[in-house]
Amino acid sequence: MNEPRIFRPDPDDPTRSQRGLTEQDLAAMPTVFRSDLLDGHVMLISGGGSGMGKAMAFLASRLGATVAICGRTAEKLDRTRDAIGEATGRTVHCYTTNIREPEAVEAMIADFSDVTGGIDTLVNNAGGQFPQDAIDFTRKGWNAVIDTNLNGTWWMMQEAARRWRSDGRKGHIINIVANVERGMPQAAHTCAARAGVIYLSKTVATEWAPHDIRVNCIGPGVIETEGFAMYPEEALKRFHKANPMKARGNAWDVAEQVMYLASPAADFINGDLIIIDGGQAQWGVVWPGGMPDYFDEGGAA
Ligand SMILES: CCCCCCC/C=C/C(=O)SCCNC(=O)CCNC(=O)[C@H](O)C(C)(C)COP(=O)(O)OP(=O)(O)OC[C@H]1O[C@@H](n2cnc3c(N)ncnc32)[C@H](O)[C@@H]1OP(=O)(O)O
Ligand SMILES: NC(=O)C1=CN([C@@H]2O[C@H](COP(=O)(O)OP(=O)(O)OC[C@H]3O[C@@H](n4cnc5c(N)ncnc54)[C@H](OP(=O)(O)O)[C@@H]3O)[C@@H](O)[C@H]2O)C=CC1
C-alpha cells in the first residue's frame with residue numbers, strides 16, 4: 001500500500017507528449033475500492049468522454065454502477081463506451097448533449113431516469129476555459145465560459161433535483177470545480193464561474209437537504225488530462241511546479257474521490273468542497289502565462 005501510485009507523471013519529463021491516462025491504464029489501474037461497491041448505483045457523468053470524466057466512467061463501471069456519459073462530441077462518447085464495454089462487460093449509456101441547452105439537459109435526465117429507474121449520483125464534470133488576461137476577454141469568450149461552467153452546471157443540478165423531488169427519491173450531486181480560493185491569473189472567467197458553482201452548491205445543500213439531496217464539490221489542482229492540449233508548452237513546463245509535491249495529479253486521483261463521495265461512506269458529507277491539489281492551496285500558483293514583468297522589480301520573479 002505504500003508504493004507510490006503508478007502513472008504519477010515524471011516531473012523530469014514535464015513535456016512528454018502523452019497527456020493523461022490511456023484506456024489500457026483506466027482498465028487496469030489498481031483501486032482501493034471493492035469491486036461491488038457501486039452495484040445497483042446509477043451515475044450520470046457530464047464530460048465523460050475524456051479526461052477525468054472518462055476515468056470516473058471507467059472506475060464507476062468497474063465498481064458495478066450503471067453509468068451514463070454526456071458531451072458534445074459523439075465520437076468521444078462512443079469510443080469511451082466501447083472501451084469500457086470491452087474492459088468490464090458493462091453497457092455505458094451515451095447522450096450527445098450540450099449542457100448549455102436546458103431543454104436538452106431536461107430530456108437527457110428524464111430519459112436516463114426512465115431507463116434506469118432513477119439516478120443516484122450526478123457528476124457535473126463538463127467544463128473548461130482558455131487562458132487569457134481578463135482585460136482582453138471578448139464578450140463571446142466570457143459568455144462561453146460562464147455559460148458552460150456556471151449555467152450548464154446549474155441546469156444539470158436543477159433538473160436532477162426536480163426529478164428527485166417529484167420521484168420522492170434521494171440524490172447526490174458532485175460538482176467538479178477548480179482550486180479558486182486565491183484566484184488564478186488568466187482564468188478570471190473560470191474562477192468567477194467555479195466560485196459561483198461552489199456557493200450555489202453550499203446554498204442548495206441546505207435548501208435541498210429536506211429532499212434528501214446532498215451537494216458537494218471537488219476542486220482539482222493540476223491534473224494531467226487531454227485537456228492540457230489547450231495550454232502552451234511553456235505553461236505545461238511550469239504546471240507541476242504549482243504545488244509543494246512538484247507533481248501533476250492524474251485523473252484516477254479525482255475519480256477515486258468521486259467514488260468515495262458516491263459511496264455510503266460519505267453519507268454525512270454535504271455542502272463541502274474537497275480539494276485535490278498536492279498542497280497547491282497552501283503554497284503555489286498556476287500562472288499559465290508566466291509571471292508578469294512587474295514581478296521582476298524587486299527580484300520576485
Ligand atoms: C486558464 C488557466 C487555468 C489553468 C488551470 C490549470 C489546470 C486546468 C486545466 C483544465 O481545466 S484542463 C480542461 C480544459 N479543457 C477544456 O478547457 C476543454 C473544454 N473547453 C471548451 O470547450 C472551451 O474552451 C470553452 C471555453 C468552454 C468554449 O467552448 P466553445 O466551444 O463555445 O468555444 P469556442 O466556440 O471555441 O469559442 C468561443 C469564444 O471564446 C473565445 N475563445 C475561445 N478560445 C480562446 C482562446 N484560446 N483564446 C482566446 N479566446 C478564446 C473566443 O472569443 C471565441 O469566439 P470566436 O473567436 O471563436 O468567435
Ligand atoms: N485538468 C485539470 O488540471 C483541471 C480540470 N478542471 C476541470 O475538470 C473538468 C474535467 O477536465 P479535464 O478532464 O481535465 O478536461 P477535458 O477537456 O478532457 O474534459 C472536459 C469535458 O467536458 C466536455 N464538455 C465541455 N463543454 C461541454 C458542454 N457545453 N456540454 C457538454 N460537455 C461539455 C468535453 O467534451 P466535448 O468537448 O465533446 O463536449 C470534455 O469531455 C473540467 O470542468 C475542467 O475545467 C479543473 C481544475 C483542473
# chains A, B, ... in the order shown; residues from 1 in each chain; ligands from 1

$ closest_atom_pairs --of "chain A" --to "ligand 2" --cutoff "6 Å" --atoms "only C-alpha atoms and all ligand atoms" --output "CSV"
residue,atom,partner,partner_atom_place_in_ligand_line,distance
A:Ser46,CA,ligand 2,32 (N),5.9
A:Gly47,CA,ligand 2,22 (O),3.6
A:Gly48,CA,ligand 2,41 (O),5.5
A:Gly49,CA,ligand 2,41 (O),4.7
A:Ser50,CA,ligand 2,18 (O),4.3
A:Gly51,CA,ligand 2,13 (O),3.3
A:Met52,CA,ligand 2,13 (O),3.9
A:Gly53,CA,ligand 2,13 (O),5.7
A:Gly71,CA,ligand 2,32 (N),3.5
A:Arg72,CA,ligand 2,39 (O),3.5
A:Thr73,CA,ligand 2,38 (O),3.8
A:Thr97,CA,ligand 2,31 (C),5.7
A:Asn98,CA,ligand 2,30 (N),3.6
A:Ile99,CA,ligand 2,30 (N),4.1
A:Arg100,CA,ligand 2,29 (N),5.3
A:Asn125,CA,ligand 2,9 (C),4.8
A:Ala126,CA,ligand 2,22 (O),3.4
A:Gly127,CA,ligand 2,43 (O),3.3
A:Gly128,CA,ligand 2,45 (O),3.6
A:Thr148,CA,ligand 2,29 (N),5.0
A:Ile176,CA,ligand 2,8 (O),5.7
A:Val177,CA,ligand 2,46 (C),5.4
A:Ala178,CA,ligand 2,47 (C),4.1
A:Pro220,CA,ligand 2,47 (C),4.6
A:Gly221,CA,ligand 2,48 (C),5.0
A:Val222,CA,ligand 2,3 (O),3.7
A:Ile223,CA,ligand 2,3 (O),3.6
A:Glu224,CA,ligand 2,1 (N),5.5
A:Thr225,CA,ligand 2,14 (O),4.8
A:Glu226,CA,ligand 2,18 (O),5.0
A:Gly227,CA,ligand 2,17 (O),3.8

$ residues_near_ligand --ligand "ligand 1" --cutoff "6 Å" --atoms "only C-alpha atoms and all ligand atoms" --output "ChimeraX atom specification"
/A:127-131,138,140-141,144-145,148,186-187,222,227-228,288

$ write_last_selection --atoms "N, CA and C atoms" --output "JSON list (two decimals), in the first residue's frame"
[["chain", "number", "residue", "atom", "x", "y", "z"],
["A", 127, "GLY", "N", -16.69, 20.95, -18.59],
["A", 127, "GLY", "CA", -16.31, 22.35, -18.42],
["A", 127, "GLY", "C", -14.98, 22.63, -19.05],
["A", 128, "GLY", "N", -14.52, 23.83, -18.86],
["A", 128, "GLY", "CA", -13.23, 24.22, -19.40],
["A", 128, "GLY", "C", -13.16, 25.71, -19.59],
["A", 129, "GLN", "N", -12.03, 26.14, -20.10],
["A", 129, "GLN", "CA", -11.76, 27.56, -20.29],
["A", 129, "GLN", "C", -10.55, 27.68, -21.19],
["A", 130, "PHE", "N", -10.17, 28.88, -21.48],
["A", 130, "PHE", "CA", -8.93, 29.13, -22.23],
["A", 130, "PHE", "C", -8.17, 30.18, -21.44],
["A", 131, "PRO", "N", -6.82, 30.13, -21.50],
["A", 131, "PRO", "CA", -6.05, 31.11, -20.74],
["A", 131, "PRO", "C", -5.99, 32.46, -21.46],
["A", 138, "THR", "N", -13.15, 38.66, -24.86],
["A", 138, "THR", "CA", -14.25, 39.16, -25.69],
["A", 138, "THR", "C", -15.56, 38.82, -24.98],
["A", 140, "LYS", "N", -18.00, 37.27, -26.28],
["A", 140, "LYS", "CA", -18.34, 35.89, -26.65],
["A", 140, "LYS", "C", -17.54, 34.89, -25.81],
["A", 141, "GLY", "N", -16.26, 35.20, -25.61],
["A", 141, "GLY", "CA", -15.41, 34.30, -24.82],
["A", 141, "GLY", "C", -15.86, 34.22, -23.37],
["A", 144, "ALA", "N", -19.04, 32.22, -23.23],
["A", 144, "ALA", "CA", -18.84, 30.78, -23.47],
["A", 144, "ALA", "C", -18.42, 30.09, -22.17],
["A", 145, "VAL", "N", -17.52, 30.72, -21.44],
["A", 145, "VAL", "CA", -17.01, 30.08, -20.21],
["A", 145, "VAL", "C", -18.07, 30.10, -19.11],
["A", 148, "THR", "N", -20.96, 27.65, -19.99],
["A", 148, "THR", "CA", -20.62, 26.23, -19.81],
["A", 148, "THR", "C", -20.49, 25.88, -18.33],
["A", 186, "GLN", "N", -5.16, 34.82, -15.44],
["A", 186, "GLN", "CA", -5.50, 34.32, -16.78],
["A", 186, "GLN", "C", -6.67, 33.34, -16.78],
["A", 187, "ALA", "N", -7.37, 33.27, -15.67],
["A", 187, "ALA", "CA", -8.52, 32.37, -15.61],
["A", 187, "ALA", "C", -9.68, 33.03, -14.85],
["A", 222, "VAL", "N", -3.71, 20.75, -10.44],
["A", 222, "VAL", "CA", -3.21, 20.44, -11.79],
["A", 222, "VAL", "C", -3.29, 18.93, -12.01],
["A", 227, "GLY", "N", -7.12, 17.54, -21.68],
["A", 227, "GLY", "CA", -7.45, 18.97, -21.64],
["A", 227, "GLY", "C", -6.21, 19.86, -21.65],
["A", 228, "PHE", "N", -5.06, 19.29, -21.30],
["A", 228, "PHE", "CA", -3.83, 20.08, -21.29],
["A", 228, "PHE", "C", -3.45, 20.57, -22.69],
["A", 288, "PRO", "N", -0.60, 30.44, -16.08],
["A", 288, "PRO", "CA", -0.26, 29.88, -17.39],
["A", 288, "PRO", "C", 0.61, 30.79, -18.24]]

$ select_by_dssp --residues "stretch 48-285 of chain A" --states "alpha helix (DSSP H)" --output "short mmCIF file (atom, residue, chain, number, x, y, z; two decimals) with N, CA and C atoms, in the first residue's frame"
data_model
loop_
_atom_site.label_atom_id
_atom_site.label_comp_id
_atom_site.auth_asym_id
_atom_site.auth_seq_id
_atom_site.Cartn_x
_atom_site.Cartn_y
_atom_site.Cartn_z
N GLY A 51 -10.67 12.68 -20.36
CA GLY A 51 -10.05 13.16 -19.12
C GLY A 51 -10.61 12.55 -17.84
N MET A 52 -10.87 13.42 -16.90
CA MET A 52 -11.33 12.94 -15.59
C MET A 52 -12.68 12.24 -15.67
N GLY A 53 -13.57 12.78 -16.52
CA GLY A 53 -14.90 12.17 -16.64
C GLY A 53 -14.81 10.75 -17.16
N LYS A 54 -13.89 10.54 -18.07
CA LYS A 54 -13.71 9.20 -18.63
C LYS A 54 -13.16 8.25 -17.55
N ALA A 55 -12.22 8.75 -16.75
CA ALA A 55 -11.69 7.93 -15.65
C ALA A 55 -12.81 7.58 -14.67
N MET A 56 -13.67 8.54 -14.39
CA MET A 56 -14.81 8.27 -13.48
C MET A 56 -15.72 7.20 -14.08
N ALA A 57 -15.98 7.31 -15.39
CA ALA A 57 -16.87 6.34 -16.04
C ALA A 57 -16.28 4.94 -15.99
N PHE A 58 -14.96 4.85 -16.21
CA PHE A 58 -14.30 3.54 -16.12
C PHE A 58 -14.42 2.98 -14.70
N LEU A 59 -14.06 3.82 -13.71
CA LEU A 59 -14.00 3.30 -12.35
C LEU A 59 -15.40 2.95 -11.83
N ALA A 60 -16.37 3.83 -12.09
CA ALA A 60 -17.74 3.52 -11.63
C ALA A 60 -18.23 2.22 -12.26
N SER A 61 -17.93 2.03 -13.55
CA SER A 61 -18.35 0.79 -14.21
C SER A 61 -17.62 -0.41 -13.61
N ARG A 62 -16.34 -0.25 -13.34
CA ARG A 62 -15.59 -1.36 -12.73
C ARG A 62 -16.13 -1.72 -11.35
N ALA A 74 -20.01 13.10 -30.18
CA ALA A 74 -20.48 11.71 -30.13
C ALA A 74 -19.33 10.71 -30.24
N GLU A 75 -18.33 11.01 -31.07
CA GLU A 75 -17.25 10.04 -31.29
C GLU A 75 -16.50 9.73 -29.98
N LYS A 76 -16.26 10.77 -29.19
CA LYS A 76 -15.53 10.55 -27.94
C LYS A 76 -16.35 9.68 -26.99
N LEU A 77 -17.65 9.95 -26.96
CA LEU A 77 -18.53 9.19 -26.07
C LEU A 77 -18.58 7.72 -26.51
N ASP A 78 -18.74 7.52 -27.81
CA ASP A 78 -18.86 6.15 -28.33
C ASP A 78 -17.58 5.36 -28.07
N ARG A 79 -16.46 6.03 -28.25
CA ARG A 79 -15.18 5.35 -28.03
C ARG A 79 -15.04 4.94 -26.56
N THR A 80 -15.43 5.85 -25.68
CA THR A 80 -15.36 5.54 -24.25
C THR A 80 -16.30 4.39 -23.91
N ARG A 81 -17.52 4.47 -24.43
CA ARG A 81 -18.49 3.38 -24.19
C ARG A 81 -17.91 2.03 -24.63
N ASP A 82 -17.32 2.01 -25.83
CA ASP A 82 -16.80 0.75 -26.36
C ASP A 82 -15.64 0.23 -25.50
N ALA A 83 -14.76 1.15 -25.09
CA ALA A 83 -13.60 0.73 -24.30
C ALA A 83 -14.03 0.20 -22.94
N ILE A 84 -15.02 0.84 -22.34
CA ILE A 84 -15.49 0.36 -21.03
C ILE A 84 -16.22 -0.98 -21.20
N GLY A 85 -16.99 -1.08 -22.28
CA GLY A 85 -17.69 -2.34 -22.54
C GLY A 85 -16.69 -3.48 -22.67
N GLU A 86 -15.61 -3.21 -23.39
CA GLU A 86 -14.59 -4.25 -23.60
C GLU A 86 -13.90 -4.61 -22.28
N ALA A 87 -13.64 -3.60 -21.45
CA ALA A 87 -12.88 -3.84 -20.22
C ALA A 87 -13.74 -4.46 -19.12
N THR A 88 -15.03 -4.12 -19.09
CA THR A 88 -15.85 -4.53 -17.93
C THR A 88 -17.06 -5.37 -18.30
N PRO A 102 -30.75 24.00 -21.77
CA PRO A 102 -31.56 23.44 -20.68
C PRO A 102 -32.59 22.42 -21.15
N GLU A 103 -33.16 22.60 -22.34
CA GLU A 103 -34.16 21.64 -22.81
C GLU A 103 -33.49 20.27 -23.07
N ALA A 104 -32.29 20.32 -23.63
CA ALA A 104 -31.57 19.06 -23.89
C ALA A 104 -31.19 18.37 -22.58
N VAL A 105 -30.81 19.17 -21.59
CA VAL A 105 -30.47 18.61 -20.28
C VAL A 105 -31.70 17.96 -19.66
N GLU A 106 -32.84 18.63 -19.77
CA GLU A 106 -34.09 18.10 -19.21
C GLU A 106 -34.42 16.75 -19.86
N ALA A 107 -34.30 16.70 -21.20
CA ALA A 107 -34.63 15.46 -21.92
C ALA A 107 -33.68 14.33 -21.51
N MET A 108 -32.40 14.65 -21.37
CA MET A 108 -31.42 13.61 -21.01
C MET A 108 -31.71 13.05 -19.61
N ILE A 109 -31.96 13.93 -18.66
CA ILE A 109 -32.17 13.46 -17.29
C ILE A 109 -33.48 12.66 -17.21
N ALA A 110 -34.48 13.10 -17.95
CA ALA A 110 -35.75 12.33 -17.97
C ALA A 110 -35.51 10.95 -18.56
N ASP A 111 -34.79 10.90 -19.68
CA ASP A 111 -34.58 9.61 -20.35
C ASP A 111 -33.77 8.66 -19.48
N PHE A 112 -32.64 9.15 -18.95
CA PHE A 112 -31.78 8.23 -18.17
C PHE A 112 -32.49 7.80 -16.89
N SER A 113 -33.30 8.67 -16.31
CA SER A 113 -34.06 8.29 -15.11
C SER A 113 -35.08 7.22 -15.46
N ASP A 114 -35.75 7.41 -16.60
CA ASP A 114 -36.77 6.43 -17.00
C ASP A 114 -36.14 5.07 -17.31
N VAL A 115 -35.03 5.12 -18.02
CA VAL A 115 -34.39 3.86 -18.44
C VAL A 115 -33.88 3.06 -17.24
N THR A 116 -33.39 3.77 -16.23
CA THR A 116 -32.73 3.08 -15.10
C THR A 116 -33.61 2.97 -13.85
N ARG A 139 -16.64 39.47 -25.39
CA ARG A 139 -17.93 39.15 -24.77
C ARG A 139 -18.29 37.70 -25.05
N LYS A 140 -18.00 37.27 -26.28
CA LYS A 140 -18.34 35.89 -26.65
C LYS A 140 -17.54 34.89 -25.81
N GLY A 141 -16.26 35.20 -25.61
CA GLY A 141 -15.41 34.30 -24.82
C GLY A 141 -15.86 34.22 -23.37
N TRP A 142 -16.15 35.37 -22.78
CA TRP A 142 -16.67 35.41 -21.41
C TRP A 142 -17.94 34.58 -21.31
N ASN A 143 -18.87 34.85 -22.25
CA ASN A 143 -20.16 34.14 -22.21
C ASN A 143 -19.98 32.63 -22.37
N ALA A 144 -19.04 32.22 -23.23
CA ALA A 144 -18.84 30.78 -23.47
C ALA A 144 -18.42 30.09 -22.17
N VAL A 145 -17.52 30.72 -21.44
CA VAL A 145 -17.01 30.08 -20.21
C VAL A 145 -18.07 30.10 -19.11
N ILE A 146 -18.75 31.22 -18.96
CA ILE A 146 -19.78 31.30 -17.92
C ILE A 146 -20.94 30.37 -18.26
N THR A 153 -23.78 23.81 -15.56
CA THR A 153 -23.79 23.02 -14.33
C THR A 153 -25.11 23.22 -13.59
N TRP A 154 -25.58 24.47 -13.58
CA TRP A 154 -26.83 24.75 -12.87
C TRP A 154 -28.02 24.04 -13.51
N TRP A 155 -28.11 24.05 -14.86
CA TRP A 155 -29.26 23.36 -15.50
C TRP A 155 -29.27 21.90 -15.07
N MET A 156 -28.09 21.31 -15.02
CA MET A 156 -27.99 19.89 -14.64
C MET A 156 -28.42 19.69 -13.18
N MET A 157 -27.94 20.57 -12.31
CA MET A 157 -28.28 20.45 -10.88
C MET A 157 -29.78 20.59 -10.67
N GLN A 158 -30.35 21.65 -11.27
CA GLN A 158 -31.76 21.94 -11.01
C GLN A 158 -32.66 20.83 -11.57
N GLU A 159 -32.32 20.36 -12.76
CA GLU A 159 -33.15 19.34 -13.39
C GLU A 159 -33.10 18.03 -12.61
N ALA A 160 -31.90 17.65 -12.17
CA ALA A 160 -31.79 16.42 -11.38
C ALA A 160 -32.59 16.55 -10.09
N ALA A 161 -32.45 17.71 -9.43
CA ALA A 161 -33.16 17.91 -8.15
C ALA A 161 -34.67 17.88 -8.34
N ARG A 162 -35.15 18.50 -9.43
CA ARG A 162 -36.60 18.48 -9.69
C ARG A 162 -37.10 17.06 -9.87
N ARG A 163 -36.31 16.28 -10.60
CA ARG A 163 -36.71 14.90 -10.84
C ARG A 163 -36.70 14.09 -9.54
N TRP A 164 -35.65 14.29 -8.72
CA TRP A 164 -35.60 13.56 -7.45
C TRP A 164 -36.78 13.96 -6.56
N ARG A 165 -37.08 15.27 -6.56
CA ARG A 165 -38.21 15.73 -5.73
C ARG A 165 -39.52 15.09 -6.21
N SER A 166 -39.75 15.10 -7.51
CA SER A 166 -41.03 14.56 -8.00
C SER A 166 -41.10 13.04 -7.83
N ASP A 167 -39.94 12.37 -7.87
CA ASP A 167 -39.93 10.90 -7.68
C ASP A 167 -39.88 10.52 -6.20
N ALA A 188 -9.79 34.35 -14.98
CA ALA A 188 -10.82 35.07 -14.20
C ALA A 188 -12.22 34.58 -14.55
N HIS A 189 -12.44 34.26 -15.83
CA HIS A 189 -13.77 33.79 -16.25
C HIS A 189 -14.13 32.49 -15.56
N THR A 190 -13.16 31.56 -15.56
CA THR A 190 -13.47 30.26 -14.94
C THR A 190 -13.52 30.39 -13.42
N CYS A 191 -12.69 31.27 -12.85
CA CYS A 191 -12.74 31.47 -11.39
C CYS A 191 -14.12 32.01 -10.99
N ALA A 192 -14.65 32.96 -11.79
CA ALA A 192 -15.97 33.51 -11.48
C ALA A 192 -17.03 32.41 -11.57
N ALA A 193 -16.94 31.61 -12.61
CA ALA A 193 -17.94 30.54 -12.79
C ALA A 193 -17.82 29.49 -11.69
N ARG A 194 -16.60 29.08 -11.37
CA ARG A 194 -16.42 28.00 -10.38
C ARG A 194 -16.78 28.48 -8.99
N ALA A 195 -16.44 29.75 -8.68
CA ALA A 195 -16.85 30.29 -7.37
C ALA A 195 -18.37 30.30 -7.30
N GLY A 196 -19.01 30.63 -8.42
CA GLY A 196 -20.48 30.61 -8.46
C GLY A 196 -21.01 29.21 -8.17
N VAL A 197 -20.39 28.21 -8.76
CA VAL A 197 -20.85 26.83 -8.53
C VAL A 197 -20.63 26.42 -7.07
N ILE A 198 -19.49 26.81 -6.52
CA ILE A 198 -19.20 26.42 -5.13
C ILE A 198 -20.26 27.01 -4.19
N TYR A 199 -20.59 28.29 -4.39
CA TYR A 199 -21.54 28.91 -3.46
C TYR A 199 -22.99 28.55 -3.78
N LEU A 200 -23.27 28.25 -5.02
CA LEU A 200 -24.57 27.64 -5.35
C LEU A 200 -24.71 26.32 -4.58
N SER A 201 -23.66 25.54 -4.63
CA SER A 201 -23.69 24.20 -4.03
C SER A 201 -23.88 24.29 -2.52
N LYS A 202 -23.12 25.20 -1.90
CA LYS A 202 -23.26 25.35 -0.45
C LYS A 202 -24.68 25.77 -0.09
N THR A 203 -25.27 26.61 -0.92
CA THR A 203 -26.61 27.12 -0.62
C THR A 203 -27.67 26.03 -0.81
N VAL A 204 -27.64 25.35 -1.95
CA VAL A 204 -28.70 24.35 -2.15
C VAL A 204 -28.46 23.09 -1.33
N ALA A 205 -27.24 22.89 -0.85
CA ALA A 205 -27.02 21.77 0.07
C ALA A 205 -27.93 21.92 1.28
N THR A 206 -28.20 23.18 1.66
CA THR A 206 -29.12 23.44 2.77
C THR A 206 -30.57 23.39 2.30
N GLU A 207 -30.85 24.11 1.19
CA GLU A 207 -32.25 24.14 0.70
C GLU A 207 -32.78 22.76 0.37
N GLU A 233 3.19 24.83 -24.43
CA GLU A 233 4.24 24.02 -23.82
C GLU A 233 4.92 24.75 -22.66
N GLU A 234 5.15 26.05 -22.84
CA GLU A 234 5.84 26.82 -21.79
C GLU A 234 5.06 26.77 -20.48
N ALA A 235 3.74 26.83 -20.60
CA ALA A 235 2.90 26.77 -19.40
C ALA A 235 2.95 25.36 -18.80
N LEU A 236 2.90 24.35 -19.66
CA LEU A 236 2.91 22.97 -19.17
C LEU A 236 4.20 22.66 -18.42
N LYS A 237 5.30 23.30 -18.82
CA LYS A 237 6.57 23.06 -18.14
C LYS A 237 6.52 23.55 -16.69
N ARG A 238 5.62 24.51 -16.45
CA ARG A 238 5.54 25.08 -15.10
C ARG A 238 4.46 24.43 -14.25
N PHE A 239 3.47 23.79 -14.87
CA PHE A 239 2.29 23.36 -14.13
C PHE A 239 2.63 22.49 -12.91
N ALA A 251 -6.01 11.60 -13.45
CA ALA A 251 -7.47 11.53 -13.42
C ALA A 251 -7.98 10.51 -12.40
N TRP A 252 -7.14 9.52 -12.10
CA TRP A 252 -7.55 8.50 -11.12
C TRP A 252 -7.65 9.10 -9.72
N ASP A 253 -6.78 10.07 -9.42
CA ASP A 253 -6.84 10.73 -8.10
C ASP A 253 -8.23 11.33 -7.89
N VAL A 254 -8.78 11.91 -8.93
CA VAL A 254 -10.09 12.55 -8.82
C VAL A 254 -11.20 11.51 -8.89
N ALA A 255 -11.04 10.53 -9.78
CA ALA A 255 -12.09 9.50 -9.93
C ALA A 255 -12.30 8.75 -8.61
N GLU A 256 -11.21 8.42 -7.91
CA GLU A 256 -11.39 7.67 -6.66
C GLU A 256 -12.09 8.53 -5.60
N GLN A 257 -11.82 9.82 -5.61
CA GLN A 257 -12.52 10.71 -4.66
C GLN A 257 -14.01 10.76 -4.99
N VAL A 258 -14.34 10.78 -6.27
CA VAL A 258 -15.76 10.78 -6.67
C VAL A 258 -16.44 9.51 -6.18
N MET A 259 -15.76 8.37 -6.33
CA MET A 259 -16.38 7.10 -5.92
C MET A 259 -16.57 7.06 -4.41
N TYR A 260 -15.61 7.61 -3.69
CA TYR A 260 -15.76 7.69 -2.23
C TYR A 260 -17.00 8.52 -1.89
N LEU A 261 -17.14 9.68 -2.53
CA LEU A 261 -18.30 10.54 -2.24
C LEU A 261 -19.61 9.86 -2.64
N ALA A 262 -19.56 9.03 -3.68
CA ALA A 262 -20.78 8.34 -4.13
C ALA A 262 -21.13 7.15 -3.24
#

$ closest_residue --among "A:Gly219, A:Pro185, A:Trp208, A:Ile274" --to "A:Pro292" --atoms "only C-alpha atoms"
A:Pro185

$ atom_distance --atom1 "atom CA of A:Asn151" --atom2 "atom CA of A:Glu101"
9.2 Å

$ closest_residue --among "A:Ala247, A:Ala266, A:Ala242, A:Leu21" --to "A:Val286" --atoms "only C-alpha atoms"
A:Ala242

$ atom_distance --atom1 "atom CA of A:Ile173" --atom2 "atom CA of A:Thr121"
5.8 Å

$ closest_residue --among "A:Ser35, A:Thr91, A:Asn216, A:Thr96" --to "A:Leu122" --atoms "only C-alpha atoms"
A:Asn216

$ select_by_dssp --residues "stretch 36-178 of chain A" --states "strand (DSSP E or B)" --output "PDB file with C-alpha atoms, in the first residue's frame"
ATOM      1  CA  VAL A  42     -26.833   4.812 -11.170  1.00  0.00           C
ATOM      2  CA  MET A  43     -24.427   7.630 -12.112  1.00  0.00           C
ATOM      3  CA  LEU A  44     -24.605  10.354 -14.769  1.00  0.00           C
ATOM      4  CA  ILE A  45     -21.237  11.962 -15.610  1.00  0.00           C
ATOM      5  CA  SER A  46     -21.036  15.048 -17.822  1.00  0.00           C
ATOM      6  CA  THR A  66     -24.813   1.787 -14.290  1.00  0.00           C
ATOM      7  CA  VAL A  67     -23.225   4.808 -15.960  1.00  0.00           C
ATOM      8  CA  ALA A  68     -24.259   7.437 -18.495  1.00  0.00           C
ATOM      9  CA  ILE A  69     -21.855   9.935 -20.015  1.00  0.00           C
ATOM     10  CA  CYS A  70     -22.635  13.093 -21.943  1.00  0.00           C
ATOM     11  CA  GLY A  71     -20.719  15.612 -24.021  1.00  0.00           C
ATOM     12  CA  HIS A  93     -25.280   4.988 -21.926  1.00  0.00           C
ATOM     13  CA  CYS A  94     -24.236   7.914 -24.152  1.00  0.00           C
ATOM     14  CA  TYR A  95     -26.003  11.245 -24.613  1.00  0.00           C
ATOM     15  CA  THR A  96     -24.730  13.783 -27.129  1.00  0.00           C
ATOM     16  CA  THR A 121     -25.342  10.426  -8.339  1.00  0.00           C
ATOM     17  CA  LEU A 122     -24.937  13.257 -10.830  1.00  0.00           C
ATOM     18  CA  VAL A 123     -21.341  14.299 -11.503  1.00  0.00           C
ATOM     19  CA  ASN A 124     -21.041  17.702 -13.175  1.00  0.00           C
ATOM     20  CA  GLY A 171     -29.903  12.011  -4.735  1.00  0.00           C
ATOM     21  CA  HIS A 172     -26.371  13.330  -4.651  1.00  0.00           C
ATOM     22  CA  ILE A 173     -24.615  15.921  -6.800  1.00  0.00           C
ATOM     23  CA  ILE A 174     -20.838  16.197  -7.149  1.00  0.00           C
ATOM     24  CA  ASN A 175     -19.603  19.301  -8.960  1.00  0.00           C
ATOM     25  CA  ILE A 176     -16.062  19.325 -10.309  1.00  0.00           C
TER      26      ILE A 176
END

$ closest_residue --among "A:Lys170, A:Arg34, A:His41, A:Lys241" --to "A:Ala209" --atoms "only C-alpha atoms"
A:Lys170

$ atom_distance --atom1 "atom CA of A:Pro232" --atom2 "atom CA of A:Glu181"
24.0 Å

$ decode --residues "stretch 149-167 of chain A" --atoms "C-alpha atoms" --output "compact mmCIF listing (two decimals), in the first residue's frame"
# COMPACT_ATOMS: atom_id res chain seq x y z
CA ASN A 149 -19.23 26.16 -16.30
CA LEU A 150 -21.89 28.05 -14.35
CA ASN A 151 -25.15 27.93 -16.31
CA GLY A 152 -24.60 24.45 -17.75
CA THR A 153 -23.79 23.02 -14.33
CA TRP A 154 -26.83 24.75 -12.87
CA TRP A 155 -29.26 23.36 -15.50
CA MET A 156 -27.99 19.89 -14.64
CA MET A 157 -28.28 20.45 -10.88
CA GLN A 158 -31.76 21.94 -11.01
CA GLU A 159 -33.15 19.34 -13.39
CA ALA A 160 -31.79 16.42 -11.38
CA ALA A 161 -33.16 17.91 -8.15
CA ARG A 162 -36.60 18.48 -9.69
CA ARG A 163 -36.71 14.90 -10.84
CA TRP A 164 -35.60 13.56 -7.45
CA ARG A 165 -38.21 15.73 -5.73
CA SER A 166 -41.03 14.56 -8.00
CA ASP A 167 -39.93 10.90 -7.68
